[in-house]
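Q: Got structure.txt for you, compact mmCIF, C-alpha atoms:
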```txt
# COMPACT_ATOMS: atom_id res chain seq x y z
CA MET A 1 -27.48 -44.03 25.64
CA THR A 2 -24.53 -42.69 27.58
CA ALA A 3 -22.79 -41.55 24.42
CA LEU A 4 -25.92 -39.78 23.28
CA THR A 5 -26.48 -37.99 26.58
CA ASP A 6 -22.83 -36.89 26.87
CA ARG A 7 -22.89 -35.17 23.47
CA PRO A 8 -22.91 -31.33 23.85
CA PRO A 9 -25.97 -29.44 22.70
CA VAL A 10 -26.05 -28.56 19.01
CA ALA A 11 -26.32 -24.82 19.77
CA ALA A 12 -22.98 -24.82 21.67
CA ALA A 13 -20.78 -24.78 18.54
CA PRO A 14 -22.38 -21.65 17.01
CA ALA A 15 -22.21 -19.99 20.42
CA ARG A 16 -18.49 -20.70 20.68
CA ARG A 17 -17.93 -19.36 17.16
CA ALA A 18 -19.89 -16.24 18.03
CA GLY A 19 -17.79 -15.77 21.17
CA ARG A 20 -14.54 -16.14 19.23
CA GLY A 21 -15.81 -13.67 16.63
CA ALA A 22 -16.69 -11.15 19.33
CA ARG A 23 -13.25 -11.51 20.95
CA ALA A 24 -11.56 -11.10 17.58
CA LEU A 25 -13.60 -7.96 16.94
CA VAL A 26 -12.69 -6.53 20.34
CA ASN A 27 -9.00 -7.33 19.82
CA ARG A 28 -9.07 -5.67 16.41
CA PHE A 29 -10.77 -2.59 17.85
CA VAL A 30 -8.21 -2.34 20.65
CA GLY A 31 -5.37 -2.79 18.17
CA TYR A 32 -6.64 -0.04 15.90
CA ALA A 33 -7.25 2.23 18.89
CA VAL A 34 -3.64 1.77 20.07
CA LEU A 35 -2.32 2.43 16.55
CA ILE A 36 -4.44 5.57 16.20
CA PHE A 37 -3.31 6.83 19.60
CA PHE A 38 0.39 6.44 18.85
CA GLY A 39 -0.16 7.81 15.34
CA LEU A 40 -1.65 10.98 16.85
CA VAL A 41 1.20 11.18 19.36
CA PHE A 42 3.78 11.11 16.57
CA LEU A 43 1.73 13.40 14.32
CA TYR A 44 1.01 16.10 16.91
CA PRO A 45 4.49 17.73 16.80
CA PHE A 46 4.10 18.16 13.04
CA VAL A 47 0.64 19.69 13.58
CA ILE A 48 2.16 22.13 16.09
CA GLN A 49 4.89 22.99 13.59
CA LEU A 50 2.31 23.61 10.88
CA GLY A 51 0.13 25.75 13.16
CA ASN A 52 2.98 27.87 14.51
CA SER A 53 4.24 28.55 11.01
CA PHE A 54 1.10 30.60 10.33
CA LYS A 55 1.02 32.44 13.66
CA THR A 56 2.14 35.90 14.59
CA GLU A 57 5.22 36.20 16.78
CA PRO A 58 3.27 37.16 19.96
CA ASP A 59 0.70 34.40 19.41
CA ALA A 60 3.40 31.76 18.88
CA ALA A 61 5.30 32.91 21.98
CA ALA A 62 2.16 32.94 24.15
CA ASN A 63 0.62 29.68 22.88
CA PRO A 64 3.41 27.55 21.39
CA LEU A 65 1.56 24.24 21.90
CA SER A 66 -1.69 25.35 20.32
CA PRO A 67 -2.11 24.07 16.75
CA VAL A 68 -4.62 26.80 15.84
CA PRO A 69 -3.18 30.15 14.70
CA ASP A 70 -5.06 33.26 15.80
CA PRO A 71 -4.88 35.13 13.50
CA VAL A 72 -3.56 33.32 10.42
CA THR A 73 -0.65 35.18 8.85
CA PHE A 74 2.09 34.54 6.29
CA ASP A 75 4.59 36.95 7.86
CA GLY A 76 6.87 34.11 8.92
CA PHE A 77 7.21 32.80 5.36
CA GLU A 78 7.76 36.31 4.01
CA ARG A 79 10.59 36.81 6.48
CA ILE A 80 12.09 33.45 5.51
CA PHE A 81 12.59 34.53 1.90
CA ALA A 82 13.25 38.20 2.53
CA GLY A 83 15.29 38.19 5.73
CA THR A 84 17.36 34.99 5.52
CA ASN A 85 19.55 33.12 3.05
CA PHE A 86 16.91 30.40 2.69
CA PRO A 87 16.86 30.56 -1.17
CA LEU A 88 20.65 30.09 -1.19
CA TRP A 89 20.46 27.17 1.25
CA LEU A 90 17.68 25.64 -0.81
CA GLY A 91 19.71 25.88 -4.01
CA ASN A 92 22.78 24.36 -2.35
CA SER A 93 20.72 21.50 -0.92
CA LEU A 94 19.11 20.77 -4.29
CA LEU A 95 22.50 20.72 -6.04
CA VAL A 96 24.18 18.54 -3.43
CA THR A 97 21.20 16.19 -3.06
CA VAL A 98 20.78 15.59 -6.80
CA LEU A 99 24.50 14.92 -7.33
CA VAL A 100 24.78 12.67 -4.27
CA THR A 101 21.62 10.73 -5.16
CA LEU A 102 22.77 10.10 -8.74
CA GLY A 103 26.24 9.12 -7.53
CA ARG A 104 24.95 6.74 -4.88
CA VAL A 105 22.51 5.02 -7.24
CA PHE A 106 25.29 4.48 -9.80
CA PHE A 107 28.22 3.54 -7.57
CA ASP A 108 26.19 1.51 -5.05
CA SER A 109 24.65 -0.45 -7.91
CA LEU A 110 28.06 -1.17 -9.42
CA ALA A 111 29.51 -2.27 -6.09
CA GLY A 112 26.44 -4.34 -5.23
CA TYR A 113 26.55 -6.12 -8.57
CA ALA A 114 30.27 -6.83 -8.22
CA LEU A 115 29.77 -8.33 -4.76
CA ALA A 116 26.75 -10.35 -5.89
CA ARG A 117 28.03 -11.76 -9.19
CA LEU A 118 31.76 -11.33 -9.73
CA ARG A 119 34.11 -13.91 -8.23
CA PHE A 120 37.40 -12.41 -7.04
CA ARG A 121 39.82 -12.91 -4.19
CA GLY A 122 38.81 -11.15 -0.99
CA ARG A 123 35.14 -10.73 -1.98
CA ALA A 124 33.86 -12.17 1.31
CA GLY A 125 36.22 -9.99 3.33
CA LEU A 126 35.21 -6.90 1.37
CA PHE A 127 31.54 -7.58 2.01
CA ALA A 128 32.29 -8.10 5.70
CA ALA A 129 34.01 -4.71 5.70
CA VAL A 130 30.91 -3.14 4.15
CA ILE A 131 28.77 -4.64 6.94
CA ALA A 132 31.26 -3.42 9.53
CA VAL A 133 31.10 0.13 8.16
CA MET A 134 27.33 0.09 8.63
CA ALA A 135 27.88 -0.57 12.34
CA VAL A 136 30.23 2.41 12.85
CA PRO A 137 28.48 5.55 14.20
CA GLY A 138 28.86 8.44 11.81
CA VAL A 139 29.96 10.84 14.53
CA VAL A 140 33.13 8.77 15.03
CA LEU A 141 34.25 9.62 11.50
CA LEU A 142 33.76 13.40 11.67
CA ILE A 143 37.32 14.33 12.64
CA PRO A 144 38.98 11.87 10.19
CA LYS A 145 36.62 13.14 7.50
CA PHE A 146 37.68 16.73 8.18
CA LEU A 147 41.37 15.77 8.02
CA VAL A 148 40.92 13.92 4.72
CA LEU A 149 38.99 16.80 3.15
CA ASN A 150 41.66 19.23 4.25
CA GLN A 151 44.49 17.06 2.89
CA LEU A 152 42.75 16.62 -0.46
CA GLY A 153 42.24 20.36 -0.78
CA ILE A 154 38.46 20.18 -1.15
CA TYR A 155 37.55 21.53 2.29
CA ASN A 156 35.05 24.39 2.16
CA SER A 157 33.92 23.62 -1.39
CA TYR A 158 31.06 21.96 -3.24
CA ALA A 159 33.34 19.00 -3.93
CA GLY A 160 33.80 18.57 -0.18
CA LEU A 161 30.03 18.46 0.25
CA VAL A 162 29.43 15.94 -2.54
CA VAL A 163 32.40 13.60 -3.06
CA PRO A 164 32.51 11.87 0.39
CA LEU A 165 28.79 11.05 0.11
CA LEU A 166 28.80 9.51 -3.38
CA ALA A 167 28.69 5.95 -1.99
CA ASP A 168 27.44 4.39 1.21
CA ALA A 169 27.55 0.93 2.74
CA ALA A 170 23.79 0.61 3.24
CA GLY A 171 23.13 1.24 -0.45
CA VAL A 172 25.73 -1.35 -1.47
CA PHE A 173 24.11 -3.89 0.85
CA ILE A 174 20.61 -3.21 -0.52
CA MET A 175 21.70 -3.58 -4.13
CA LYS A 176 23.76 -6.72 -3.45
CA GLN A 177 20.83 -8.42 -1.77
CA PHE A 178 18.52 -7.56 -4.64
CA PHE A 179 20.93 -8.62 -7.39
CA GLU A 180 21.31 -12.01 -5.74
CA SER A 181 17.55 -12.55 -6.12
CA ILE A 182 17.78 -12.22 -9.93
CA PRO A 183 18.28 -15.58 -11.73
CA VAL A 184 21.78 -16.08 -13.10
CA SER A 185 20.30 -17.57 -16.27
CA VAL A 186 19.21 -14.10 -17.39
CA GLU A 187 22.81 -12.91 -17.42
CA GLU A 188 24.12 -16.10 -19.00
CA ALA A 189 21.82 -15.59 -21.98
CA ALA A 190 23.15 -12.06 -22.44
CA ARG A 191 26.77 -13.19 -22.24
CA ILE A 192 26.14 -15.92 -24.81
CA ASP A 193 25.01 -13.13 -27.14
CA GLY A 194 28.39 -11.44 -26.61
CA ALA A 195 27.51 -8.81 -24.00
CA SER A 196 30.31 -7.67 -21.70
CA VAL A 197 29.99 -7.68 -17.92
CA PHE A 198 29.18 -3.98 -17.78
CA ARG A 199 26.74 -4.23 -20.71
CA THR A 200 24.99 -7.12 -18.99
CA PHE A 201 24.79 -5.11 -15.79
CA TRP A 202 23.61 -1.90 -17.47
CA SER A 203 21.19 -3.24 -20.08
CA VAL A 204 19.87 -6.47 -18.57
CA VAL A 205 20.20 -6.61 -14.78
CA LEU A 206 19.80 -2.96 -13.77
CA PRO A 207 16.37 -2.47 -15.46
CA MET A 208 15.13 -5.49 -13.50
CA ALA A 209 16.18 -3.84 -10.22
CA LYS A 210 13.65 -1.00 -10.43
CA PRO A 211 12.15 -1.53 -6.93
CA ALA A 212 15.60 -1.60 -5.32
CA LEU A 213 16.73 1.43 -7.33
CA ILE A 214 13.70 3.44 -6.22
CA THR A 215 14.28 2.37 -2.62
CA LEU A 216 17.92 3.46 -2.88
CA THR A 217 16.91 6.73 -4.54
CA ILE A 218 14.49 7.60 -1.75
CA LEU A 219 16.97 6.72 0.99
CA SER A 220 19.79 8.59 -0.74
CA PHE A 221 17.67 11.68 -1.36
CA GLN A 222 16.40 11.71 2.21
CA GLY A 223 19.83 11.08 3.71
CA SER A 224 21.67 13.72 1.67
CA TRP A 225 18.85 16.27 2.01
CA ASN A 226 18.90 15.98 5.80
CA GLU A 227 22.67 15.57 6.15
CA PHE A 228 23.96 17.90 8.85
CA PRO A 229 27.10 16.42 10.51
CA HIS A 230 28.95 16.16 7.20
CA SER A 231 28.21 19.76 6.23
CA LEU A 232 29.36 20.80 9.69
CA VAL A 233 32.90 19.53 9.03
CA ALA A 234 32.99 20.05 5.25
CA VAL A 235 32.27 23.79 4.91
CA GLN A 236 32.45 27.00 6.92
CA ASP A 237 31.58 29.51 4.21
CA PRO A 238 27.94 30.72 4.71
CA GLY A 239 27.59 30.75 0.93
CA LEU A 240 27.97 26.96 0.91
CA PHE A 241 25.49 26.20 3.69
CA THR A 242 22.81 23.62 2.91
CA LEU A 243 19.33 23.69 4.46
CA PRO A 244 20.18 21.67 7.60
CA ARG A 245 23.22 23.85 8.27
CA GLY A 246 21.26 27.04 7.60
CA LEU A 247 18.37 25.96 9.82
CA ALA A 248 20.82 25.16 12.61
CA ASP A 249 22.17 28.68 12.18
CA LEU A 250 18.65 30.06 12.56
CA VAL A 251 17.93 27.99 15.66
CA SER A 252 21.19 29.16 17.24
CA GLY A 253 19.86 32.73 17.19
CA SER A 254 21.66 34.29 14.24
CA LEU A 255 18.72 36.63 13.57
CA GLY A 256 18.76 38.25 16.99
CA LYS A 257 16.66 38.00 20.11
CA GLY A 258 13.22 36.46 20.50
CA THR A 259 11.80 33.00 19.96
CA GLN A 260 10.88 33.64 16.31
CA TYR A 261 8.89 30.41 16.21
CA PRO A 262 6.95 31.22 13.00
CA LEU A 263 10.15 31.85 11.05
CA LYS A 264 12.07 28.85 12.37
CA LEU A 265 9.20 26.37 12.16
CA GLY A 266 8.13 27.69 8.77
CA ALA A 267 11.64 27.15 7.41
CA ALA A 268 11.70 23.63 8.87
CA LEU A 269 8.30 22.96 7.29
CA LEU A 270 9.50 24.05 3.86
CA ALA A 271 12.59 21.87 4.23
CA THR A 272 10.41 18.84 5.03
CA ILE A 273 8.11 19.11 2.00
CA PRO A 274 10.42 17.73 -0.77
CA VAL A 275 11.26 14.53 1.12
CA ALA A 276 7.63 13.98 2.14
CA VAL A 277 6.38 14.44 -1.43
CA LEU A 278 9.03 12.07 -2.81
CA PHE A 279 8.18 9.40 -0.25
CA VAL A 280 4.42 9.65 -0.85
CA ILE A 281 4.85 9.34 -4.63
CA PHE A 282 7.18 6.32 -4.51
CA GLN A 283 5.95 4.71 -1.29
CA ARG A 284 4.68 1.50 -2.89
CA TYR A 285 7.98 0.95 -4.71
CA PHE A 286 9.87 1.63 -1.50
CA VAL A 287 7.88 -0.97 0.44
CA ARG A 288 8.20 -3.51 -2.38
CA GLY A 289 11.97 -3.08 -2.62
CA ALA A 290 12.43 -3.28 1.14
CA ASN A 291 10.33 -6.46 1.36
CA GLU A 292 12.19 -8.17 -1.49
CA GLY A 293 15.55 -7.31 0.08
CA ALA A 294 14.35 -8.57 3.48
CA ASP A 295 13.02 -11.85 2.01
CA LYS A 296 16.31 -12.47 0.27
CA GLY A 297 18.35 -11.54 3.32
```
Here is the file; what I need is its structure written in the form of structure tokens.
A:
Amino acid sequence: MTALTDRPPVAAAPARRAGRGARALVNRFVGYAVLIFFGLVFLYPFVIQLGNSFKTEPDAAANPLSPVPDPVTFDGFERIFAGTNFPLWLGNSLLVTVLVTLGRVFFDSLAGYALARLRFRGRAGLFAAVIAVMAVPGVVLLIPKFLVLNQLGIYNSYAGLVVPLLADAAGVFIMKQFFESIPVSVEEAARIDGASVFRTFWSVVLPMAKPALITLTILSFQGSWNEFPHSLVAVQDPGLFTLPRGLADLVSGSLGKGTQYPLKLGAALLATIPVAVLFVIFQRYFVRGANEGADKG
């Protein structure tokens, strides 16, 4: 009888489950609310940029934090293309970015495959050096980079903008980690058929690394498109300015007095569009490649 009387009521278990479900629902609601709040905080500067791009100069100066233009005008964008060297900067950025992206994808893949598969003396030390380079702040290398460019005779030229950026340590690390996740048996079968090391890399292994290649392409495109410190020490000729360098020239007041918010923010908005479009199109590949590299690492 004691055991029967001490047993909890039958309705207590469903009540506890209902309580846990309510707490889980509240926690989920609070979590989503926090995410939405911080998402709006990070998104609001972009909304201000977008709104000010379509404002008149007096409206932008009087209400810079308002996202609503009154009235809506395209004068800022017209001045960008008619009163600045924006088309020239855009062309230079496209040229440099395409060349750097292609170079990084090719050379980083080669280096990553060599570190992942080839056995040679000093391989571990070389990989440690690659990791060490990733830890060095880029600003530390600006003066040595300028001296090297000057000694090589490619300072103030397209070669000076492109050649030093054709390979990077982060890309080598990403590709090495991904190549190590590919079974060695795939390459052994190709070598039995008489394929050379490079043919095995190019025709067998590289097509299997599509997620990592897309990840590297996005990172390389974004990094070279937004690269400012390197262009600062590589060129001084205004005809060689890329978009980041040209936008910095605008912000510094090269067009004269006044805030000129519509012109400056409109130019920054146009410079943001290519990277945003590329990321949106290849986002799922980017996430997949990053996750596979992280799991392997």
Q: Skip Pro183 (chain A) itself and residues of its chain fewer than 3 positions away, then list as a list in words all residues within 12 Å of it, counting all atoms listed in the file.
A: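 The contact residues come out as Ala116, Arg117, Phe178, Phe179, Glu180, Val186, Glu187, Glu188, Ala189, Val204, Val205 and Met208 of chain A.
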Q: Considering all atoms listed in the file, tabulate each residue of region 145-165 of chain A that lies at most 12 Å from region 237-242 of chain A along with its nearest interatomic pair and the corresponding distance in Å to one decimal; arrange the rows by chain and ascending residue number and present them as CSV.
A:
```
residue,atom,partner,partner_atom,distance
A:Tyr155,CA,A:Asp237,CA,10.1
A:Asn156,CA,A:Asp237,CA,6.5
A:Ser157,CA,A:Leu240,CA,7.2
A:Tyr158,CA,A:Leu240,CA,7.2
A:Ala159,CA,A:Leu240,CA,10.8
A:Gly160,CA,A:Leu240,CA,10.3
A:Leu161,CA,A:Leu240,CA,8.8
A:Val162,CA,A:Thr242,CA,11.5
```
Q: Restrict the calculation to all atoms listed in the file, then for each residue of region 92-170 of chain A with any atom at most 12 Å from an atom of region 197-203 of chain A give the closest atom pair and their distance in Å to one decimal, rows by chain and rising residue number, as JSON lines.
A:
```
{"residue": "A:Phe106", "atom": "CA", "partner": "A:Trp202", "partner_atom": "CA", "distance": 10.1}
{"residue": "A:Ser109", "atom": "CA", "partner": "A:Phe201", "partner_atom": "CA", "distance": 9.2}
{"residue": "A:Leu110", "atom": "CA", "partner": "A:Phe201", "partner_atom": "CA", "distance": 8.2}
{"residue": "A:Ala111", "atom": "CA", "partner": "A:Phe201", "partner_atom": "CA", "distance": 11.2}
{"residue": "A:Gly112", "atom": "CA", "partner": "A:Phe201", "partner_atom": "CA", "distance": 10.7}
{"residue": "A:Tyr113", "atom": "CA", "partner": "A:Phe201", "partner_atom": "CA", "distance": 7.5}
{"residue": "A:Ala114", "atom": "CA", "partner": "A:Phe201", "partner_atom": "CA", "distance": 9.5}
{"residue": "A:Ala116", "atom": "CA", "partner": "A:Phe201", "partner_atom": "CA", "distance": 11.4}
{"residue": "A:Arg117", "atom": "CA", "partner": "A:Val197", "partner_atom": "CA", "distance": 9.8}
{"residue": "A:Leu118", "atom": "CA", "partner": "A:Val197", "partner_atom": "CA", "distance": 9.1}
```
Q: Take CA of Leu141 (chain A) and CA of Val251 (chain A) and report the distance between them in Å, one decimal.
A: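 Computed distance, CA of Leu141 (chain A) to CA of Val251 (chain A), equals 24.9 Å.
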Q: To one decimal place in Å, what is the distance between CA of Val100 (chain A) and CA of Gly223 (chain A)?
A: 9.5 Å
